[in-house]
>>> print(open('upload10.txt').read())   # compact mmCIF, N, CA and C atoms
# COMPACT_ATOMS: atom_id res chain seq x y z
N MET T 1 155.15 -105.17 -128.42
CA MET T 1 155.29 -105.65 -127.07
C MET T 1 153.99 -106.32 -126.60
N ILE T 2 152.86 -105.79 -126.99
CA ILE T 2 151.58 -106.39 -126.62
C ILE T 2 151.43 -107.75 -127.29
N ASP T 3 151.86 -107.84 -128.56
CA ASP T 3 151.79 -109.13 -129.25
C ASP T 3 152.65 -110.17 -128.56
N ASP T 4 153.82 -109.76 -128.08
CA ASP T 4 154.71 -110.68 -127.37
C ASP T 4 154.06 -111.17 -126.07
N ALA T 5 153.40 -110.28 -125.37
CA ALA T 5 152.72 -110.65 -124.13
C ALA T 5 151.57 -111.62 -124.41
N GLU T 6 150.84 -111.39 -125.48
CA GLU T 6 149.73 -112.27 -125.86
C GLU T 6 150.23 -113.68 -126.20
N ARG T 7 151.38 -113.76 -126.87
CA ARG T 7 151.92 -115.06 -127.26
C ARG T 7 152.37 -115.87 -126.04
N HIS T 8 152.83 -115.21 -125.01
CA HIS T 8 153.37 -115.90 -123.84
C HIS T 8 152.41 -115.96 -122.66
N ARG T 9 151.18 -115.56 -122.89
CA ARG T 9 150.20 -115.52 -121.81
C ARG T 9 149.99 -116.90 -121.17
N ASP T 10 149.81 -117.92 -121.98
CA ASP T 10 149.58 -119.26 -121.44
C ASP T 10 150.79 -119.78 -120.66
N GLU T 11 151.97 -119.53 -121.18
CA GLU T 11 153.18 -119.96 -120.49
C GLU T 11 153.33 -119.21 -119.16
N ASP T 12 153.06 -117.92 -119.15
CA ASP T 12 153.14 -117.13 -117.92
C ASP T 12 152.13 -117.62 -116.88
N ARG T 13 150.91 -117.95 -117.33
CA ARG T 13 149.88 -118.46 -116.43
C ARG T 13 150.32 -119.79 -115.83
N ARG T 14 150.90 -120.68 -116.64
CA ARG T 14 151.36 -121.98 -116.16
C ARG T 14 152.50 -121.80 -115.15
N LEU T 15 153.42 -120.90 -115.43
CA LEU T 15 154.52 -120.65 -114.50
C LEU T 15 154.02 -120.05 -113.19
N ARG T 16 153.02 -119.20 -113.28
CA ARG T 16 152.44 -118.60 -112.08
C ARG T 16 151.77 -119.65 -111.21
N GLU T 17 151.01 -120.56 -111.85
CA GLU T 17 150.36 -121.64 -111.10
C GLU T 17 151.38 -122.56 -110.46
N LEU T 18 152.46 -122.86 -111.18
CA LEU T 18 153.52 -123.71 -110.63
C LEU T 18 154.20 -123.02 -109.45
N THR T 19 154.47 -121.74 -109.57
CA THR T 19 155.09 -120.99 -108.48
C THR T 19 154.18 -120.94 -107.26
N ASP T 20 152.90 -120.69 -107.47
CA ASP T 20 151.95 -120.68 -106.36
C ASP T 20 151.87 -122.04 -105.67
N ALA T 21 151.85 -123.12 -106.47
CA ALA T 21 151.79 -124.47 -105.90
C ALA T 21 153.06 -124.76 -105.09
N ARG T 22 154.21 -124.33 -105.59
CA ARG T 22 155.47 -124.55 -104.87
C ARG T 22 155.48 -123.77 -103.55
N ASN T 23 154.99 -122.53 -103.59
CA ASN T 23 154.95 -121.71 -102.37
C ASN T 23 154.00 -122.30 -101.33
N GLU T 24 152.84 -122.78 -101.77
CA GLU T 24 151.89 -123.37 -100.83
C GLU T 24 152.46 -124.64 -100.21
N LEU T 25 153.15 -125.45 -101.01
CA LEU T 25 153.76 -126.67 -100.49
C LEU T 25 154.86 -126.34 -99.49
N ASP T 26 155.66 -125.34 -99.80
CA ASP T 26 156.74 -124.93 -98.88
C ASP T 26 156.16 -124.45 -97.56
N THR T 27 155.09 -123.69 -97.62
CA THR T 27 154.43 -123.19 -96.40
C THR T 27 153.87 -124.33 -95.57
N ALA T 28 153.21 -125.29 -96.23
CA ALA T 28 152.64 -126.43 -95.51
C ALA T 28 153.74 -127.28 -94.88
N ALA T 29 154.83 -127.49 -95.61
CA ALA T 29 155.95 -128.29 -95.07
C ALA T 29 156.57 -127.58 -93.88
N TYR T 30 156.73 -126.27 -93.98
CA TYR T 30 157.29 -125.51 -92.86
C TYR T 30 156.40 -125.61 -91.62
N ALA T 31 155.08 -125.50 -91.81
CA ALA T 31 154.16 -125.56 -90.68
C ALA T 31 154.25 -126.91 -89.98
N VAL T 32 154.31 -127.99 -90.76
CA VAL T 32 154.41 -129.33 -90.17
C VAL T 32 155.74 -129.49 -89.45
N GLU T 33 156.82 -129.06 -90.08
CA GLU T 33 158.15 -129.17 -89.45
C GLU T 33 158.22 -128.36 -88.16
N HIS T 34 157.64 -127.18 -88.19
CA HIS T 34 157.64 -126.32 -87.00
C HIS T 34 156.85 -126.96 -85.86
N LEU T 35 155.70 -127.53 -86.18
CA LEU T 35 154.89 -128.18 -85.16
C LEU T 35 155.62 -129.41 -84.60
N LEU T 36 156.28 -130.15 -85.47
CA LEU T 36 157.05 -131.31 -85.01
C LEU T 36 158.19 -130.88 -84.08
N ALA T 37 158.83 -129.77 -84.42
CA ALA T 37 159.93 -129.29 -83.58
C ALA T 37 159.42 -128.82 -82.22
N GLU T 38 158.26 -128.19 -82.20
CA GLU T 38 157.70 -127.66 -80.96
C GLU T 38 157.12 -128.75 -80.06
N ARG T 39 156.33 -129.63 -80.65
CA ARG T 39 155.56 -130.59 -79.85
C ARG T 39 155.79 -132.03 -80.26
N GLY T 40 156.90 -132.31 -80.92
CA GLY T 40 157.15 -133.66 -81.41
C GLY T 40 157.18 -134.71 -80.34
N ASP T 41 157.63 -134.36 -79.15
CA ASP T 41 157.72 -135.35 -78.08
C ASP T 41 156.37 -135.70 -77.47
N THR T 42 155.34 -134.92 -77.74
CA THR T 42 154.01 -135.20 -77.18
C THR T 42 153.11 -135.90 -78.19
N LEU T 43 153.57 -136.09 -79.43
CA LEU T 43 152.74 -136.67 -80.48
C LEU T 43 152.90 -138.17 -80.55
N PRO T 44 151.86 -138.88 -81.00
CA PRO T 44 151.98 -140.32 -81.21
C PRO T 44 153.07 -140.62 -82.25
N VAL T 45 153.78 -141.70 -82.04
CA VAL T 45 154.94 -142.04 -82.88
C VAL T 45 154.54 -142.24 -84.33
N HIS T 46 153.43 -142.93 -84.59
CA HIS T 46 153.04 -143.20 -85.98
C HIS T 46 152.65 -141.92 -86.73
N GLU T 47 151.99 -141.00 -86.06
CA GLU T 47 151.62 -139.74 -86.71
C GLU T 47 152.85 -138.87 -86.94
N LYS T 48 153.75 -138.89 -86.00
CA LYS T 48 154.99 -138.12 -86.15
C LYS T 48 155.81 -138.66 -87.31
N ALA T 49 155.91 -139.98 -87.43
CA ALA T 49 156.67 -140.58 -88.53
C ALA T 49 156.05 -140.26 -89.88
N ARG T 50 154.73 -140.33 -89.96
CA ARG T 50 154.05 -140.00 -91.22
C ARG T 50 154.29 -138.53 -91.60
N ALA T 51 154.22 -137.65 -90.62
CA ALA T 51 154.43 -136.23 -90.88
C ALA T 51 155.86 -135.98 -91.34
N GLU T 52 156.82 -136.62 -90.70
CA GLU T 52 158.22 -136.44 -91.09
C GLU T 52 158.46 -136.94 -92.51
N THR T 53 157.85 -138.08 -92.86
CA THR T 53 158.01 -138.63 -94.20
C THR T 53 157.40 -137.70 -95.25
N LEU T 54 156.19 -137.20 -94.98
CA LEU T 54 155.55 -136.29 -95.92
C LEU T 54 156.33 -134.98 -96.07
N ALA T 55 156.85 -134.46 -94.98
CA ALA T 55 157.64 -133.23 -95.05
C ALA T 55 158.91 -133.46 -95.87
N ALA T 56 159.54 -134.62 -95.69
CA ALA T 56 160.74 -134.93 -96.48
C ALA T 56 160.39 -135.09 -97.96
N ASP T 57 159.25 -135.73 -98.25
CA ASP T 57 158.80 -135.85 -99.64
C ASP T 57 158.54 -134.48 -100.25
N ALA T 58 157.95 -133.59 -99.46
CA ALA T 58 157.67 -132.25 -99.95
C ALA T 58 158.96 -131.50 -100.26
N ARG T 59 159.92 -131.59 -99.37
CA ARG T 59 161.21 -130.91 -99.60
C ARG T 59 161.91 -131.47 -100.84
N GLN T 60 161.81 -132.79 -101.04
CA GLN T 60 162.41 -133.40 -102.23
C GLN T 60 161.69 -132.93 -103.49
N ALA T 61 160.36 -132.84 -103.43
CA ALA T 61 159.58 -132.38 -104.58
C ALA T 61 159.92 -130.94 -104.93
N LEU T 62 160.21 -130.13 -103.93
CA LEU T 62 160.57 -128.74 -104.19
C LEU T 62 161.93 -128.63 -104.85
N LYS T 63 162.83 -129.58 -104.58
CA LYS T 63 164.15 -129.55 -105.20
C LYS T 63 164.11 -129.99 -106.66
N GLU T 64 163.14 -130.83 -106.98
CA GLU T 64 163.04 -131.39 -108.33
C GLU T 64 162.05 -130.59 -109.16
N ASP T 65 161.97 -130.94 -110.44
CA ASP T 65 161.02 -130.31 -111.36
C ASP T 65 159.73 -131.11 -111.31
N THR T 66 158.95 -130.90 -110.26
CA THR T 66 157.73 -131.67 -110.02
C THR T 66 156.53 -130.96 -110.62
N PRO T 67 155.63 -131.69 -111.27
CA PRO T 67 154.43 -131.07 -111.84
C PRO T 67 153.54 -130.44 -110.77
N ALA T 68 152.78 -129.44 -111.17
CA ALA T 68 151.93 -128.70 -110.23
C ALA T 68 150.89 -129.60 -109.59
N GLY T 69 150.36 -130.57 -110.31
CA GLY T 69 149.37 -131.48 -109.74
C GLY T 69 149.92 -132.28 -108.57
N ARG T 70 151.14 -132.76 -108.69
CA ARG T 70 151.78 -133.51 -107.60
C ARG T 70 152.04 -132.58 -106.42
N LEU T 71 152.45 -131.34 -106.70
CA LEU T 71 152.69 -130.38 -105.62
C LEU T 71 151.41 -130.11 -104.84
N ARG T 72 150.30 -129.97 -105.57
CA ARG T 72 149.02 -129.70 -104.90
C ARG T 72 148.57 -130.89 -104.05
N SER T 73 148.77 -132.11 -104.56
CA SER T 73 148.36 -133.29 -103.79
C SER T 73 149.21 -133.43 -102.52
N LEU T 74 150.50 -133.15 -102.62
CA LEU T 74 151.36 -133.17 -101.44
C LEU T 74 150.93 -132.10 -100.44
N THR T 75 150.56 -130.94 -100.95
CA THR T 75 150.11 -129.85 -100.08
C THR T 75 148.85 -130.27 -99.32
N GLN T 76 147.90 -130.89 -100.01
CA GLN T 76 146.67 -131.33 -99.35
C GLN T 76 146.97 -132.38 -98.28
N GLU T 77 147.86 -133.32 -98.59
CA GLU T 77 148.21 -134.35 -97.61
C GLU T 77 148.87 -133.72 -96.39
N LEU T 78 149.77 -132.77 -96.62
CA LEU T 78 150.45 -132.11 -95.50
C LEU T 78 149.47 -131.32 -94.64
N GLN T 79 148.52 -130.66 -95.28
CA GLN T 79 147.53 -129.90 -94.52
C GLN T 79 146.67 -130.82 -93.66
N GLN T 80 146.32 -131.99 -94.20
CA GLN T 80 145.53 -132.95 -93.42
C GLN T 80 146.35 -133.49 -92.25
N VAL T 81 147.62 -133.79 -92.50
CA VAL T 81 148.49 -134.28 -91.43
C VAL T 81 148.66 -133.20 -90.37
N TYR T 82 148.80 -131.95 -90.80
CA TYR T 82 148.97 -130.84 -89.86
C TYR T 82 147.74 -130.74 -88.94
N GLN T 83 146.56 -130.84 -89.52
CA GLN T 83 145.34 -130.78 -88.72
C GLN T 83 145.28 -131.95 -87.73
N GLY T 84 145.70 -133.12 -88.19
CA GLY T 84 145.72 -134.28 -87.30
C GLY T 84 146.72 -134.11 -86.17
N LEU T 85 147.87 -133.53 -86.48
CA LEU T 85 148.87 -133.28 -85.45
C LEU T 85 148.37 -132.26 -84.43
N LEU T 86 147.69 -131.24 -84.91
CA LEU T 86 147.13 -130.25 -83.99
C LEU T 86 146.11 -130.89 -83.06
N ALA T 87 145.28 -131.76 -83.61
CA ALA T 87 144.28 -132.43 -82.78
C ALA T 87 144.97 -133.34 -81.76
N ALA T 88 146.00 -134.06 -82.20
CA ALA T 88 146.72 -134.96 -81.29
C ALA T 88 147.47 -134.17 -80.23
N ALA T 89 148.05 -133.05 -80.62
CA ALA T 89 148.78 -132.23 -79.66
C ALA T 89 147.82 -131.58 -78.67
N GLY T 90 146.62 -131.26 -79.12
CA GLY T 90 145.64 -130.65 -78.22
C GLY T 90 145.11 -131.62 -77.19
N SER T 91 145.05 -132.91 -77.55
CA SER T 91 144.55 -133.90 -76.60
C SER T 91 145.64 -134.40 -75.66
N ALA T 92 146.89 -134.08 -75.98
CA ALA T 92 148.00 -134.48 -75.12
C ALA T 92 148.05 -133.58 -73.89
N GLN T 93 148.82 -134.00 -72.93
CA GLN T 93 148.99 -133.20 -71.72
C GLN T 93 149.64 -131.87 -72.07
N PRO T 94 149.19 -130.77 -71.49
CA PRO T 94 149.85 -129.50 -71.75
C PRO T 94 151.24 -129.50 -71.12
N PRO T 95 152.16 -128.75 -71.69
CA PRO T 95 153.49 -128.70 -71.11
C PRO T 95 153.45 -128.09 -69.72
N PRO T 96 154.41 -128.43 -68.86
CA PRO T 96 154.41 -127.86 -67.52
C PRO T 96 154.55 -126.34 -67.58
N PRO T 97 153.98 -125.64 -66.63
CA PRO T 97 154.08 -124.17 -66.66
C PRO T 97 155.53 -123.73 -66.54
N ASP T 98 155.79 -122.61 -67.13
CA ASP T 98 157.14 -122.06 -67.11
C ASP T 98 157.52 -121.69 -65.68
N GLN T 99 158.69 -122.11 -65.25
CA GLN T 99 159.12 -121.84 -63.89
C GLN T 99 159.39 -120.36 -63.65
N ARG T 100 159.67 -119.64 -64.72
CA ARG T 100 159.97 -118.22 -64.57
C ARG T 100 158.72 -117.36 -64.58
N ALA T 101 157.57 -117.96 -64.81
CA ALA T 101 156.34 -117.19 -64.85
C ALA T 101 156.02 -116.66 -63.46
N PRO T 102 155.56 -115.44 -63.36
CA PRO T 102 155.25 -114.90 -62.04
C PRO T 102 154.09 -115.65 -61.40
N GLN T 103 154.22 -115.91 -60.13
CA GLN T 103 153.19 -116.60 -59.38
C GLN T 103 152.27 -115.56 -58.75
N PRO T 104 150.97 -115.85 -58.65
CA PRO T 104 150.07 -114.90 -58.00
C PRO T 104 150.45 -114.76 -56.53
N ARG T 105 150.41 -113.55 -56.06
CA ARG T 105 150.89 -113.25 -54.70
C ARG T 105 149.79 -113.36 -53.65
N GLY T 106 148.56 -113.27 -54.05
CA GLY T 106 147.49 -113.31 -53.06
C GLY T 106 147.34 -111.95 -52.39
N ASP T 107 146.58 -111.89 -51.32
CA ASP T 107 146.38 -110.63 -50.60
C ASP T 107 147.59 -110.37 -49.71
N SER T 108 148.10 -109.17 -49.83
CA SER T 108 149.26 -108.82 -49.02
C SER T 108 149.00 -107.48 -48.35
N ASP T 109 149.36 -107.37 -47.08
CA ASP T 109 149.18 -106.13 -46.34
C ASP T 109 150.47 -105.33 -46.29
N ASP T 110 151.43 -105.64 -47.16
CA ASP T 110 152.72 -104.96 -47.14
C ASP T 110 152.71 -103.65 -47.92
N VAL T 111 151.56 -103.10 -48.21
CA VAL T 111 151.46 -101.89 -49.01
C VAL T 111 151.74 -100.68 -48.14
N ILE T 112 152.57 -99.78 -48.64
CA ILE T 112 152.88 -98.55 -47.92
C ILE T 112 152.28 -97.40 -48.71
N ASP T 113 151.44 -96.64 -48.06
CA ASP T 113 150.80 -95.51 -48.71
C ASP T 113 151.60 -94.25 -48.40
N ALA T 114 151.97 -93.51 -49.44
CA ALA T 114 152.78 -92.30 -49.22
C ALA T 114 152.36 -91.24 -50.24
N GLU T 115 152.69 -90.01 -49.92
CA GLU T 115 152.44 -88.91 -50.81
C GLU T 115 153.77 -88.30 -51.23
N PHE T 116 153.79 -87.82 -52.44
CA PHE T 116 155.00 -87.20 -52.95
C PHE T 116 154.75 -85.69 -53.05
N THR T 117 155.65 -84.91 -52.47
CA THR T 117 155.55 -83.46 -52.59
C THR T 117 156.86 -82.95 -53.19
N ALA T 118 156.73 -82.06 -54.13
CA ALA T 118 157.92 -81.49 -54.76
C ALA T 118 158.37 -80.27 -54.00
N HIS T 119 159.65 -80.14 -53.79
CA HIS T 119 160.22 -78.96 -53.11
C HIS T 119 160.54 -77.92 -54.17
N GLU T 120 160.10 -76.72 -53.93
CA GLU T 120 160.36 -75.66 -54.89
C GLU T 120 161.42 -74.72 -54.42
>>> encode(input="upload10.txt", output="structure tokens")
Amino acid sequence: MIDDAERHRDEDRRLRELTDARNELDTAAYAVEHLLAERGDTLPVHEKARAETLAADARQALKEDTPAGRLRSLTQELQQVYQGLLAAAGSAQPPPPDQRAPQPRGDSDDVIDAEFTAHE
């Protein structure tokens, strides 16, 4: 059994690297897609289009038998696009405050002070 493991060590290492590269690409694509879904309307059109194209390329690469080197390069591109989108979203106007959020009440004299006594 040890001899069998030694013979397949290189193949196992290559499969592990490929799996890690696929997982990293999937994570980067998800992050970009999630950011586009959340703040897509506040992003510049050209950056949004580039991000959508890269995310679609990443999803296509994950469906195919793509080499690990290509997966890593797509991951790096997606991470750079993600950082650019974050910067663009940060410079955009913040979304309007939630209407359901509690508003500060200010000083109010409507406080009633009382004591509680238990009847035995």
>>> closest_residue(input="upload10.txt", among="T:Lys48, T:Leu78, T:Leu62, T:Asp113", to="Ala29 (chain T)", atoms="all atoms listed in the file")
T:Leu78
>>> atom_distance(input="upload10.txt", atom1="atom N of Gly90 (chain T)", atom2="CA of Gln60 (chain T)")
28.1 Å
>>> closest_residue(input="upload10.txt", among="T:Ala56, T:Ile2, T:Val81, T:Leu74", to="Leu25 (chain T)", atoms="only N, CA and C atoms")
T:Leu74
>>> atom_distance(input="upload10.txt", atom1="CA of Gly40 (chain T)", atom2="atom C of Ala28 (chain T)")
15.3 Å
>>> atom_distance(input="upload10.txt", atom1="CA of Ala37 (chain T)", atom2="CA of Ala61 (chain T)")
21.2 Å
>>> closest_residue(input="upload10.txt", among="T:Asp12, T:Glu24, T:Glu17, T:Glu38", to="Gln76 (chain T)", atoms="all atoms listed in the file")
T:Glu24
